[in-house]
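**Q** Hey, dropping my_file25.txt in here, compact mmCIF, C-alpha atoms:
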# COMPACT_ATOMS: atom_id res chain seq x y z
CA MET C 1 -76.41 51.58 -97.81
CA ALA C 2 -73.92 51.83 -94.96
CA ILE C 3 -70.28 52.04 -95.94
CA PRO C 4 -68.51 48.85 -94.82
CA HIS C 5 -65.57 49.00 -92.46
CA PRO C 6 -62.29 48.07 -94.24
CA ARG C 7 -61.87 45.29 -91.67
CA ASP C 8 -65.03 43.60 -93.01
CA ILE C 9 -63.51 43.52 -96.51
CA GLN C 10 -60.22 42.25 -95.12
CA VAL C 11 -61.96 39.50 -93.12
CA ALA C 12 -63.98 38.45 -96.18
CA VAL C 13 -60.81 38.14 -98.30
CA VAL C 14 -58.87 36.29 -95.59
CA ASP C 15 -61.82 33.93 -94.94
CA TRP C 16 -62.05 33.18 -98.66
CA LEU C 17 -58.34 32.34 -98.76
CA ASP C 18 -58.46 30.35 -95.50
CA GLU C 19 -61.22 28.13 -96.84
CA ARG C 20 -58.80 27.07 -99.57
CA TYR C 21 -55.55 26.92 -97.56
CA PRO C 22 -54.87 27.61 -93.86
CA PHE C 23 -52.96 30.84 -94.50
CA THR C 24 -53.89 32.40 -91.17
CA LYS C 25 -52.53 29.41 -89.25
CA ALA C 26 -49.28 29.44 -91.24
CA VAL C 27 -48.81 33.20 -90.79
CA ASP C 28 -49.68 33.00 -87.08
CA GLU C 29 -47.14 30.25 -86.54
CA ALA C 30 -44.48 32.24 -88.38
CA LEU C 31 -45.08 35.69 -86.93
CA TYR C 32 -46.76 35.49 -83.54
CA GLN C 33 -43.80 34.66 -81.37
CA ARG C 34 -43.03 36.40 -78.11
CA VAL C 35 -39.98 38.63 -78.23
CA PRO C 36 -38.07 38.51 -74.94
CA ASN C 37 -37.65 41.84 -73.18
CA TYR C 38 -33.86 41.77 -73.43
CA ALA C 39 -34.20 41.72 -77.24
CA ASN C 40 -36.00 45.07 -77.24
CA ALA C 41 -32.75 46.90 -77.91
CA PHE C 42 -31.75 48.69 -81.10
CA TYR C 43 -28.68 46.51 -81.61
CA TYR C 44 -30.90 43.46 -82.01
CA CYS C 45 -32.30 45.09 -85.19
CA PHE C 46 -29.07 44.94 -87.18
CA GLY C 47 -29.82 41.46 -88.52
CA GLY C 48 -33.24 42.65 -89.71
CA MET C 49 -31.59 45.61 -91.42
CA VAL C 50 -29.24 43.21 -93.21
CA PHE C 51 -32.28 41.22 -94.34
CA ILE C 52 -34.01 44.36 -95.66
CA LEU C 53 -30.85 45.39 -97.54
CA ILE C 54 -30.57 41.94 -99.11
CA VAL C 55 -34.21 42.23 -100.23
CA PHE C 56 -33.36 45.65 -101.72
CA GLN C 57 -30.43 44.05 -103.53
CA LEU C 58 -32.54 41.23 -104.94
CA LEU C 59 -35.33 43.57 -106.02
CA THR C 60 -33.13 46.22 -107.65
CA GLY C 61 -30.92 43.51 -109.14
CA VAL C 62 -33.89 41.95 -110.90
CA LEU C 63 -34.91 45.41 -112.14
CA LEU C 64 -31.40 46.11 -113.46
CA SER C 65 -31.34 42.79 -115.30
CA PHE C 66 -34.21 44.03 -117.48
CA TYR C 67 -31.76 46.37 -119.22
CA TYR C 68 -28.27 45.02 -118.52
CA VAL C 69 -26.48 43.19 -121.37
CA PRO C 70 -23.69 40.85 -120.13
CA ASP C 71 -21.67 41.15 -123.32
CA ALA C 72 -18.09 42.41 -123.23
CA SER C 73 -17.24 41.66 -126.85
CA SER C 74 -15.98 44.54 -128.95
CA PRO C 75 -18.49 45.68 -131.58
CA SER C 76 -17.26 45.12 -135.15
CA GLY C 77 -17.64 48.81 -135.95
CA GLY C 78 -15.65 49.87 -132.89
CA GLY C 79 -16.93 51.63 -129.78
CA ALA C 80 -17.71 50.45 -126.28
CA ALA C 81 -18.87 46.94 -125.39
CA PRO C 82 -22.63 46.35 -124.98
CA ALA C 83 -22.16 45.76 -121.23
CA TYR C 84 -20.74 49.25 -120.75
CA ASN C 85 -23.33 50.79 -123.05
CA SER C 86 -26.20 49.08 -121.23
CA VAL C 87 -25.05 50.40 -117.84
CA ASN C 88 -24.65 53.83 -119.39
CA PHE C 89 -28.16 53.48 -120.79
CA ILE C 90 -29.57 52.50 -117.39
CA GLN C 91 -27.77 55.37 -115.67
CA ASN C 92 -28.54 58.14 -118.15
CA THR C 93 -31.53 57.21 -120.29
CA VAL C 94 -33.87 54.74 -118.55
CA TYR C 95 -36.53 56.51 -116.52
CA LEU C 96 -35.39 56.45 -112.87
CA GLY C 97 -32.60 54.09 -113.89
CA TRP C 98 -30.16 56.20 -111.88
CA LEU C 99 -32.34 55.65 -108.81
CA ILE C 100 -32.60 51.88 -109.19
CA ARG C 101 -28.86 51.54 -109.89
CA GLY C 102 -28.07 53.97 -107.08
CA VAL C 103 -30.13 51.95 -104.59
CA HIS C 104 -28.39 48.75 -105.77
CA PHE C 105 -24.94 50.32 -105.48
CA TRP C 106 -25.37 52.06 -102.13
CA SER C 107 -27.33 49.19 -100.57
CA ALA C 108 -24.44 46.91 -101.50
CA ASN C 109 -21.99 49.19 -99.71
CA LEU C 110 -24.27 49.60 -96.71
CA LEU C 111 -24.92 45.85 -96.65
CA ILE C 112 -21.29 45.01 -95.97
CA ILE C 113 -21.15 47.59 -93.17
CA MET C 114 -24.40 46.30 -91.65
CA VAL C 115 -23.27 42.66 -91.85
CA LEU C 116 -20.07 43.56 -90.01
CA ILE C 117 -22.01 45.52 -87.37
CA HIS C 118 -24.47 42.62 -87.00
CA MET C 119 -21.59 40.17 -86.59
CA ALA C 120 -19.95 42.49 -84.07
CA ARG C 121 -23.19 42.51 -82.08
CA VAL C 122 -23.42 38.70 -82.24
CA TYR C 123 -19.83 38.49 -81.03
CA TRP C 124 -20.33 41.14 -78.35
CA THR C 125 -23.41 39.45 -76.89
CA GLY C 126 -21.80 36.02 -77.17
CA SER C 127 -24.55 34.76 -79.46
CA TYR C 128 -22.08 32.57 -81.32
CA ARG C 129 -21.69 30.20 -78.37
CA ALA C 130 -23.26 26.74 -77.96
CA PRO C 131 -25.70 25.72 -79.22
CA ARG C 132 -25.53 28.44 -81.89
CA GLU C 133 -22.07 27.74 -83.35
CA LEU C 134 -23.52 26.33 -86.57
CA ASN C 135 -25.61 29.45 -87.11
CA TRP C 136 -22.49 31.57 -86.62
CA MET C 137 -20.78 29.49 -89.31
CA VAL C 138 -23.75 29.97 -91.64
CA GLY C 139 -23.49 33.70 -90.98
CA VAL C 140 -19.77 33.74 -91.77
CA LEU C 141 -20.51 31.83 -94.98
CA MET C 142 -23.11 34.46 -95.88
CA LEU C 143 -20.54 37.21 -95.26
CA LEU C 144 -18.16 35.49 -97.68
CA ILE C 145 -20.93 35.14 -100.27
CA ILE C 146 -21.79 38.84 -99.90
CA LEU C 147 -18.14 39.72 -100.44
CA VAL C 148 -18.01 37.53 -103.56
CA LEU C 149 -21.26 39.15 -104.73
CA SER C 150 -19.60 42.55 -104.35
CA LEU C 151 -16.55 41.35 -106.22
CA THR C 152 -18.52 39.87 -109.12
CA GLY C 153 -20.87 42.85 -109.28
CA TYR C 154 -17.94 45.25 -109.46
CA LEU C 155 -16.92 43.97 -112.90
CA LEU C 156 -20.37 44.19 -114.50
CA PRO C 157 -20.25 47.89 -115.58
CA TRP C 158 -17.21 46.90 -117.67
CA ASP C 159 -15.53 50.28 -117.36
CA THR C 160 -11.80 50.87 -116.86
CA LYS C 161 -12.04 50.89 -113.07
CA ALA C 162 -14.04 47.65 -113.00
CA TYR C 163 -11.70 45.96 -115.46
CA PHE C 164 -8.44 46.74 -113.74
CA ALA C 165 -9.80 46.26 -110.21
CA THR C 166 -10.97 42.78 -111.20
CA GLU C 167 -7.67 42.07 -112.90
CA VAL C 168 -5.84 42.89 -109.67
CA THR C 169 -8.28 40.80 -107.60
CA ILE C 170 -7.88 37.81 -109.88
CA LYS C 171 -4.12 38.25 -109.79
CA ILE C 172 -4.23 38.13 -105.98
CA ALA C 173 -6.42 35.02 -106.06
CA GLY C 174 -4.06 33.52 -108.63
CA SER C 175 -1.06 34.02 -106.36
CA ALA C 176 -2.29 31.34 -103.97
CA PRO C 177 0.34 28.66 -103.36
CA PRO C 178 1.29 26.26 -104.82
CA GLN C 179 1.78 27.91 -108.18
CA GLN C 180 -0.25 25.29 -110.05
CA LEU C 181 -3.27 25.89 -107.81
CA GLY C 182 -2.93 29.65 -108.23
CA MET C 183 -2.82 29.31 -111.98
CA PHE C 184 -5.83 27.01 -111.88
CA ILE C 185 -7.87 29.52 -109.79
CA LYS C 186 -6.86 32.35 -112.10
CA GLU C 187 -7.81 30.48 -115.27
CA VAL C 188 -11.12 29.33 -113.81
CA LEU C 189 -12.05 32.84 -112.67
CA GLN C 190 -10.98 34.46 -115.93
CA GLY C 191 -12.45 31.79 -118.18
CA GLY C 192 -9.38 32.22 -120.36
CA PRO C 193 -5.85 33.60 -120.41
CA VAL C 194 -6.92 37.21 -119.78
CA VAL C 195 -9.80 39.14 -118.24
CA GLY C 196 -12.23 39.36 -121.14
CA PRO C 197 -15.77 38.59 -122.30
CA ALA C 198 -15.62 35.09 -120.79
CA THR C 199 -14.76 36.61 -117.39
CA LEU C 200 -17.76 38.92 -117.55
CA GLN C 201 -20.01 36.02 -118.52
CA ARG C 202 -18.79 33.98 -115.52
CA PHE C 203 -19.03 36.85 -113.08
CA PHE C 204 -22.51 37.72 -114.35
CA THR C 205 -23.75 34.15 -113.92
CA LEU C 206 -22.30 33.96 -110.42
CA HIS C 207 -23.66 37.39 -109.49
CA VAL C 208 -27.17 36.90 -110.85
CA PHE C 209 -27.95 33.19 -110.54
CA VAL C 210 -25.61 31.17 -108.32
CA LEU C 211 -24.79 33.45 -105.40
CA PRO C 212 -28.27 34.98 -104.88
CA ALA C 213 -29.76 31.47 -104.84
CA LEU C 214 -27.15 30.42 -102.27
CA ILE C 215 -27.71 33.43 -100.07
CA VAL C 216 -31.49 32.99 -100.10
CA LEU C 217 -31.03 29.34 -99.12
CA LEU C 218 -28.59 30.26 -96.34
CA MET C 219 -30.91 33.03 -95.09
CA TYR C 220 -33.67 30.44 -94.77
CA VAL C 221 -31.33 28.14 -92.82
CA HIS C 222 -30.17 31.10 -90.69
CA PHE C 223 -33.76 32.02 -89.78
CA ARG C 224 -34.73 28.41 -89.06
CA PHE C 225 -31.81 28.15 -86.65
CA ILE C 226 -32.81 31.40 -84.94
CA ARG C 227 -36.37 30.14 -84.61
CA ALA C 228 -35.12 26.80 -83.25
CA HIS C 229 -32.75 28.32 -80.66
CA GLY C 230 -34.62 31.53 -79.91
CA ILE C 231 -33.00 34.92 -79.51
CA SER C 232 -29.86 34.55 -77.45
CA GLU C 233 -29.76 35.87 -73.91
CA PRO C 234 -27.33 38.67 -73.11
CA LEU C 235 -24.10 37.73 -71.36
CA MET J 236 -90.77 59.21 -75.87
CA ALA J 237 -88.07 60.63 -78.07
CA GLU J 238 -87.45 58.82 -81.34
CA ALA J 239 -84.29 56.71 -81.49
CA ALA J 240 -81.55 58.44 -83.42
CA ALA J 241 -81.05 57.03 -86.91
CA PRO J 242 -77.80 55.04 -87.18
CA ARG J 243 -75.04 57.15 -88.66
CA ARG J 244 -74.15 56.05 -92.18
CA VAL J 245 -70.43 56.65 -91.61
CA THR J 246 -69.14 56.33 -88.08
CA ARG J 247 -65.94 58.05 -87.00
CA ARG J 248 -64.27 54.64 -86.62
CA THR J 249 -65.21 53.62 -90.19
CA PHE J 250 -63.98 56.95 -91.53
CA LEU J 251 -60.63 56.59 -89.73
CA ALA J 252 -60.27 53.01 -90.96
CA TRP J 253 -60.83 54.12 -94.55
CA TRP J 254 -58.41 57.01 -93.99
CA MET J 255 -55.73 54.57 -92.80
CA ALA J 256 -56.51 52.25 -95.72
CA ALA J 257 -56.04 55.20 -98.10
CA LEU J 258 -52.72 56.07 -96.46
CA LEU J 259 -51.56 52.47 -96.77
CA THR J 260 -52.60 52.39 -100.43
CA ALA J 261 -50.78 55.68 -101.08
CA THR J 262 -47.65 54.25 -99.43
CA VAL J 263 -47.78 51.12 -101.57
CA VAL J 264 -48.39 53.17 -104.73
CA THR J 265 -45.49 55.48 -103.83
CA GLY J 266 -43.26 52.43 -103.57
CA LEU J 267 -44.46 50.77 -106.74
CA ALA J 268 -44.76 53.84 -108.98
CA PRO J 269 -40.99 54.32 -109.50
CA ILE J 270 -40.71 50.65 -110.49
CA LEU J 271 -43.49 51.04 -113.06
CA VAL J 272 -41.85 54.23 -114.38
CA TYR J 273 -38.55 52.34 -114.61
CA PHE J 274 -40.17 49.71 -116.83
CA TRP J 275 -41.51 52.29 -119.28
CA PRO J 276 -39.24 52.01 -122.34
CA ALA J 277 -37.03 55.06 -122.73
CA PRO J 278 -36.15 56.11 -126.28
CA PRO J 279 -32.56 55.13 -127.11
CA LYS J 280 -30.12 57.97 -127.48
CA GLY J 281 -29.93 59.05 -131.09
CA GLN J 282 -33.52 58.08 -131.89
CA LYS J 283 -34.83 60.74 -134.25
CA LYS J 284 -37.84 61.13 -136.53
CA GLY J 285 -37.39 62.75 -139.91
CA LEU J 286 -37.15 62.23 -143.62
CA ILE J 287 -35.04 59.28 -144.74
CA THR J 288 -33.34 59.69 -148.09
CA ILE J 289 -33.49 56.59 -150.30
CA SER J 290 -31.54 56.17 -153.51
CA MET J 291 -33.41 54.21 -156.17
CA GLU J 292 -32.06 52.44 -159.24
CA LYS J 293 -34.18 54.62 -161.52
CA SER J 294 -35.55 58.08 -161.11
CA ILE J 295 -39.26 58.52 -160.44
CA ASP J 296 -39.76 59.75 -164.01
CA GLN J 297 -38.22 56.58 -165.40
CA LEU J 298 -40.52 54.29 -163.41
CA GLU J 299 -42.61 52.27 -165.80
CA GLU J 300 -46.38 52.33 -165.56
CA GLY J 301 -47.74 49.42 -163.51
CA THR J 302 -44.50 48.57 -161.77
CA ALA J 303 -43.45 48.49 -158.15
CA ALA J 304 -39.88 49.28 -157.16
CA PRO J 305 -38.90 47.83 -153.78
CA ILE J 306 -37.00 50.04 -151.34
CA LEU J 307 -35.53 49.19 -147.94
CA ALA J 308 -34.99 51.37 -144.91
CA PRO J 309 -31.24 51.97 -144.37
CA THR J 310 -29.44 49.85 -141.81
CA THR J 311 -26.62 52.36 -141.21
CA PRO J 312 -27.94 54.03 -139.17
CA ASN J 313 -30.68 51.51 -138.42
CA SER J 314 -33.89 53.13 -139.67
CA ALA J 315 -37.52 52.39 -140.42
CA PHE J 316 -40.34 54.02 -142.36
CA ILE J 317 -43.38 55.36 -140.55
CA MET J 318 -46.82 54.44 -141.87
CA ALA J 319 -49.07 57.39 -142.63
CA ASP J 320 -52.30 55.41 -142.41
CA GLY J 321 -53.41 51.85 -142.02
CA GLY J 322 -55.93 49.34 -140.87
CA GLY J 323 -56.03 45.70 -139.88
CA ASP J 324 -52.57 44.75 -138.63
CA ASN J 325 -51.17 48.14 -139.64
CA ALA J 326 -51.83 51.48 -137.97
CA PRO J 327 -50.67 55.07 -138.48
CA GLY J 328 -47.29 55.45 -136.78
CA ASP J 329 -46.37 51.76 -137.13
CA LEU J 330 -42.93 51.02 -138.53
CA ALA J 331 -42.03 49.32 -141.80
CA PHE J 332 -38.58 48.19 -142.87
CA GLY J 333 -39.41 47.97 -146.55
CA ALA J 334 -41.78 49.57 -149.05
CA PHE J 335 -42.78 49.70 -152.70
CA VAL J 336 -42.67 52.79 -154.90
CA ILE J 337 -45.51 52.20 -157.33
CA LYS J 338 -46.47 54.00 -160.50
CA ASN J 339 -50.10 53.32 -161.26
CA GLN J 340 -52.22 55.25 -163.75
CA GLY J 341 -49.63 58.01 -163.82
CA LYS J 342 -49.68 58.46 -160.09
CA VAL J 343 -46.70 57.56 -157.89
CA GLU J 344 -47.40 56.25 -154.39
CA VAL J 345 -45.27 54.55 -151.74
CA PHE J 346 -46.77 51.66 -149.76
CA ALA J 347 -45.35 49.86 -146.73
CA GLN J 348 -44.54 46.25 -147.50
CA ASN J 349 -46.45 45.01 -144.43
CA CYS J 350 -49.57 43.03 -145.30
CA SER J 351 -52.60 44.48 -143.55
CA HIS J 352 -53.73 40.97 -142.59
CA LEU J 353 -50.97 39.84 -140.23
CA GLY J 354 -47.91 41.87 -141.22
CA CYS J 355 -45.98 39.55 -143.57
CA SER J 356 -43.97 41.25 -146.32
CA VAL J 357 -45.81 41.40 -149.64
CA ALA J 358 -43.99 40.86 -152.94
CA PHE J 359 -44.59 42.37 -156.36
CA ASN J 360 -46.22 40.00 -158.85
CA LYS J 361 -45.06 41.29 -162.24
CA ASP J 362 -47.47 39.17 -164.26
CA ALA J 363 -50.64 39.91 -162.33
CA LYS J 364 -49.60 43.47 -161.42
CA THR J 365 -50.48 42.84 -157.80
CA LEU J 366 -48.69 42.77 -154.46
CA ASP J 367 -49.02 39.25 -153.08
CA CYS J 368 -48.58 38.11 -149.52
CA PRO J 369 -46.78 34.76 -149.21
CA CYS J 370 -48.22 33.93 -145.80
CA HIS J 371 -51.98 33.65 -146.30
CA GLY J 372 -52.46 34.58 -149.93
CA SER J 373 -53.77 38.12 -149.61
CA ARG J 374 -53.35 40.13 -152.80
CA PHE J 375 -53.41 43.90 -153.26
CA ASN J 376 -53.93 46.07 -156.34
CA LEU J 377 -51.28 48.61 -157.25
CA ASP J 378 -53.37 51.37 -155.67
CA GLY J 379 -53.08 49.48 -152.37
CA SER J 380 -56.68 48.27 -152.33
CA VAL J 381 -57.52 44.65 -151.55
CA HIS J 382 -57.70 42.41 -154.59
CA HIS J 383 -58.18 39.18 -152.67
CA GLY J 384 -58.50 38.31 -148.95
CA PRO J 385 -58.02 37.31 -146.21
CA ALA J 386 -56.79 40.92 -145.82
CA SER J 387 -59.77 43.24 -145.64
CA VAL J 388 -58.14 46.68 -145.59
CA PRO J 389 -55.68 48.37 -148.00
CA LEU J 390 -51.93 48.61 -147.62
CA SER J 391 -50.52 51.54 -145.62
CA HIS J 392 -49.25 54.63 -147.39
CA LEU J 393 -45.89 56.19 -146.58
CA THR J 394 -45.46 59.95 -146.78
CA TRP J 395 -42.76 60.85 -149.26
CA LYS J 396 -41.37 63.62 -151.48
CA GLN J 397 -38.85 63.93 -154.24
CA GLY J 398 -35.23 64.07 -153.04
CA ASP J 399 -32.45 66.40 -154.18
CA LYS J 400 -31.34 64.05 -156.94
CA PRO J 401 -33.69 62.59 -159.58
CA ASN J 402 -33.24 59.04 -158.29
CA GLU J 403 -33.71 60.00 -154.64
CA ILE J 404 -36.88 60.08 -152.62
CA GLN J 405 -37.34 61.18 -149.04
CA VAL J 406 -39.66 59.03 -146.95
CA ASP J 407 -41.08 59.83 -143.54
CA GLY J 408 -39.18 57.63 -141.08
CA ILE J 409 -37.22 57.24 -137.91
CA ILE J 410 -33.60 56.55 -137.01
CA LEU J 411 -34.04 53.86 -134.37
CA GLY J 412 -30.93 54.64 -132.37
CA PHE J 413 -29.91 51.00 -131.83
Kindly present the structure from the file in structure tokens form.
**A**
Amino acid sequence: MAIPHPRDIQVAVVDWLDERYPFTKAVDEALYQRVPNYANAFYYCFGGMVFILIVFQLLTGVLLSFYYVPDASSPSGGGAAPAYNSVNFIQNTVYLGWLIRGVHFWSANLLIIMVLIHMARVYWTGSYRAPRELNWMVGVLMLLIILVLSLTGYLLPWDTKAYFATEVTIKIAGSAPPQQLGMFIKEVLQGGPVVGPATLQRFFTLHVFVLPALIVLLMYVHFRFIRAHGISEPL
Amino acid sequence: MAEAAAPRRVTRRTFLAWWMAALLTATVVTGLAPILVYFWPAPPKGQKKGLITISMEKSIDQLEEGTAAPILAPTTPNSAFIMADGGGDNAPGDLAFGAFVIKNQGKVEVFAQNCSHLGCSVAFNKDAKTLDCPCHGSRFNLDGSVHHGPASVPLSHLTWKQGDKPNEIQVDGIILGF
């Protein structure tokens, strides 16, 4: 019996799927678009790099959530809070936990740099101009969400640095005028009179559920706009 | 006329295609393997197997014939007993959080409290001198053998030895580390 070519197997699988749903048509429509020659420059890849880093963040974030415990309450017998212990456990005991956490941490740092570089490119090539102003605004909104993701993620290890850095950040947010508004922001962020277990719970929920959902939604909108307008011409 | 050459079973193109498919598979596996390794449960720090010392109300010598004294694995630190044998729902190496020290026909044995049917905790029936399961009605004799189903295999033994004090026994167990 002759050994089949891998393409034959691939075609058989794709045909089987296509008989049940037009996957090929959907993929063709999504992927097979002509890229203009002027976009064949390395600086047009920054947005794609941002996308890859966000995917890294989502993937490693889900993996970390398998072990992370968002509990900052003090154990009755003394000792560190479960949140701190769980991060310590991920970092030092879980197999390759250091790698997953390291990728999450460093990708987060790199992500902010890449977003800024991408935005600089968009600004430099004038890609924010009509009719793409709305997409620029969506991008700016995504930058803000990424910054809030970084802020909320910073508290999760629940170590001294995280605690006091967050306390300072909340204090800055709470200094917004008028005083009543500042106090309101501070109380809402803290979930109480001081940075404590309620703060961690709020930051965790924002970091893991609310903000990732928002950023995925905005990424979809961002890509739809790009597809609608096409890649912008150089100045 | 020369005979036509037989078609080659594996052409160079097919070989290269399979080679590329293997490379692609290896790349995917390399990416996924660390994630699978990450999911493998790591033993908590402080987890340690060894003998667990249990203090009983009476010494082994004072145990009355045909009685079962319940013992529990300590909770500080959180510990469990390790089954030495087993069948049905139990297996050697499975954990038990309670056990019975039983004196039967002059012989002292320690059995895990887990019913071999579906793992419920059995209780000592003083009148019938049996260990009865409250879930599905299985009953076990004091030597661990099945007295009445639905369980079909005996209770699991625990490995034990006399402790330093007369009322202490040391049972094979594990400090869970959490």
**Q** One decimal, in Å: what's the spacing between CA of Gly285 in chain J and CA of Asp407 in chain J?
**A**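 A separation of 5.9 Å between them.
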**Q** Excluding Phe274 in chain J and its own-chain neighbours fewer than 2 positions away, which residues fall within 9 Å of it when counting all atoms listed in the file? Please give them as a PDB file with C-alpha atoms, in the frame of the given file.
**A**
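Result written to selection12.pdb:
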ATOM      1  CA  LEU C  63     -34.910  45.410-112.140  1.00  0.00           C
ATOM      2  CA  PHE C  66     -34.210  44.030-117.480  1.00  0.00           C
ATOM      3  CA  VAL C  94     -33.870  54.740-118.550  1.00  0.00           C
ATOM      4  CA  TYR C  95     -36.530  56.510-116.520  1.00  0.00           C
TER       5      TYR C  95
ATOM      6  CA  PRO J 269     -40.990  54.320-109.500  1.00  0.00           C
ATOM      7  CA  ILE J 270     -40.710  50.650-110.490  1.00  0.00           C
ATOM      8  CA  LEU J 271     -43.490  51.040-113.060  1.00  0.00           C
ATOM      9  CA  VAL J 272     -41.850  54.230-114.380  1.00  0.00           C
ATOM     10  CA  PRO J 276     -39.240  52.010-122.340  1.00  0.00           C
ATOM     11  CA  ALA J 277     -37.030  55.060-122.730  1.00  0.00           C
TER      12      ALA J 277
END
**Q** Could I get the residues of chain J with an atom no further than 6 Å from an atom of chain C, each paired with its nearest atom pair and that distance in Å to one decimal, using all atoms listed in the file, sorted by chain and residue number, as JSON lines?
**A**
{"residue": "J:Arg244", "atom": "CA", "partner": "C:Ala2", "partner_atom": "CA", "distance": 5.1}
{"residue": "J:Thr249", "atom": "CA", "partner": "C:His5", "partner_atom": "CA", "distance": 5.2}
{"residue": "J:Tyr273", "atom": "CA", "partner": "C:Tyr95", "partner_atom": "CA", "distance": 5.0}
{"residue": "J:Ala277", "atom": "CA", "partner": "C:Val94", "partner_atom": "CA", "distance": 5.2}
**Q** So that I can see what lies close to range 132-140 of chain C, please list as a list in words the residues with an atom at most 8 Å from it, counting only C-alpha atoms and leaving out residues fewer than 2 positions away in the same chain.
**A**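 Residues meeting the cut-off are Ser127, Tyr128, Arg129, Ala130, Met142, Leu143, Leu144, Leu218, Val221, His222, Phe225, Ile226 and His229 of chain C.
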**Q** Assuming the input is short of atoms at range 175-190 of chain C, produce N, CA and C atoms for that part as a JSON list (two decimals), in the coordinates of the input.
**A**
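File produced: out_2.json:
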[["chain", "number", "residue", "atom", "x", "y", "z"],
["C", 175, "SER", "N", -2.38, 34.15, -106.99],
["C", 175, "SER", "CA", -1.06, 34.02, -106.36],
["C", 175, "SER", "C", -1.07, 33.02, -105.21],
["C", 176, "ALA", "N", -2.20, 32.33, -105.06],
["C", 176, "ALA", "CA", -2.29, 31.34, -103.97],
["C", 176, "ALA", "C", -1.30, 30.20, -104.22],
["C", 177, "PRO", "N", -0.59, 29.77, -103.17],
["C", 177, "PRO", "CA", 0.34, 28.66, -103.36],
["C", 177, "PRO", "C", -0.39, 27.31, -103.34],
["C", 178, "PRO", "N", 0.13, 26.25, -103.92],
["C", 178, "PRO", "CA", 1.29, 26.26, -104.82],
["C", 178, "PRO", "C", 0.95, 26.91, -106.15],
["C", 179, "GLN", "N", 1.95, 27.13, -106.94],
["C", 179, "GLN", "CA", 1.78, 27.91, -108.18],
["C", 179, "GLN", "C", 0.72, 27.31, -109.11],
["C", 180, "GLN", "N", 0.70, 25.97, -109.16],
["C", 180, "GLN", "CA", -0.25, 25.29, -110.05],
["C", 180, "GLN", "C", -1.69, 25.60, -109.64],
["C", 181, "LEU", "N", -1.92, 25.60, -108.32],
["C", 181, "LEU", "CA", -3.27, 25.89, -107.81],
["C", 181, "LEU", "C", -3.64, 27.34, -108.14],
["C", 182, "GLY", "N", -2.69, 28.24, -107.92],
["C", 182, "GLY", "CA", -2.93, 29.65, -108.23],
["C", 182, "GLY", "C", -3.29, 29.85, -109.68],
["C", 183, "MET", "N", -2.55, 29.20, -110.55],
["C", 183, "MET", "CA", -2.82, 29.31, -111.98],
["C", 183, "MET", "C", -4.20, 28.77, -112.32],
["C", 184, "PHE", "N", -4.53, 27.65, -111.64],
["C", 184, "PHE", "CA", -5.83, 27.01, -111.88],
["C", 184, "PHE", "C", -6.96, 27.98, -111.48],
["C", 185, "ILE", "N", -6.83, 28.58, -110.28],
["C", 185, "ILE", "CA", -7.87, 29.52, -109.79],
["C", 185, "ILE", "C", -8.00, 30.69, -110.77],
["C", 186, "LYS", "N", -6.87, 31.19, -111.20],
["C", 186, "LYS", "CA", -6.86, 32.35, -112.10],
["C", 186, "LYS", "C", -7.56, 32.02, -113.42],
["C", 187, "GLU", "N", -7.22, 30.88, -113.98],
["C", 187, "GLU", "CA", -7.81, 30.48, -115.27],
["C", 187, "GLU", "C", -9.31, 30.26, -115.13],
["C", 188, "VAL", "N", -9.69, 29.61, -114.02],
["C", 188, "VAL", "CA", -11.12, 29.33, -113.81],
["C", 188, "VAL", "C", -11.90, 30.63, -113.67],
["C", 189, "LEU", "N", -11.35, 31.56, -112.87],
["C", 189, "LEU", "CA", -12.05, 32.84, -112.67],
["C", 189, "LEU", "C", -12.13, 33.63, -113.97],
["C", 190, "GLN", "N", -11.03, 33.66, -114.70],
["C", 190, "GLN", "CA", -10.98, 34.46, -115.93],
["C", 190, "GLN", "C", -11.74, 33.81, -117.07]]
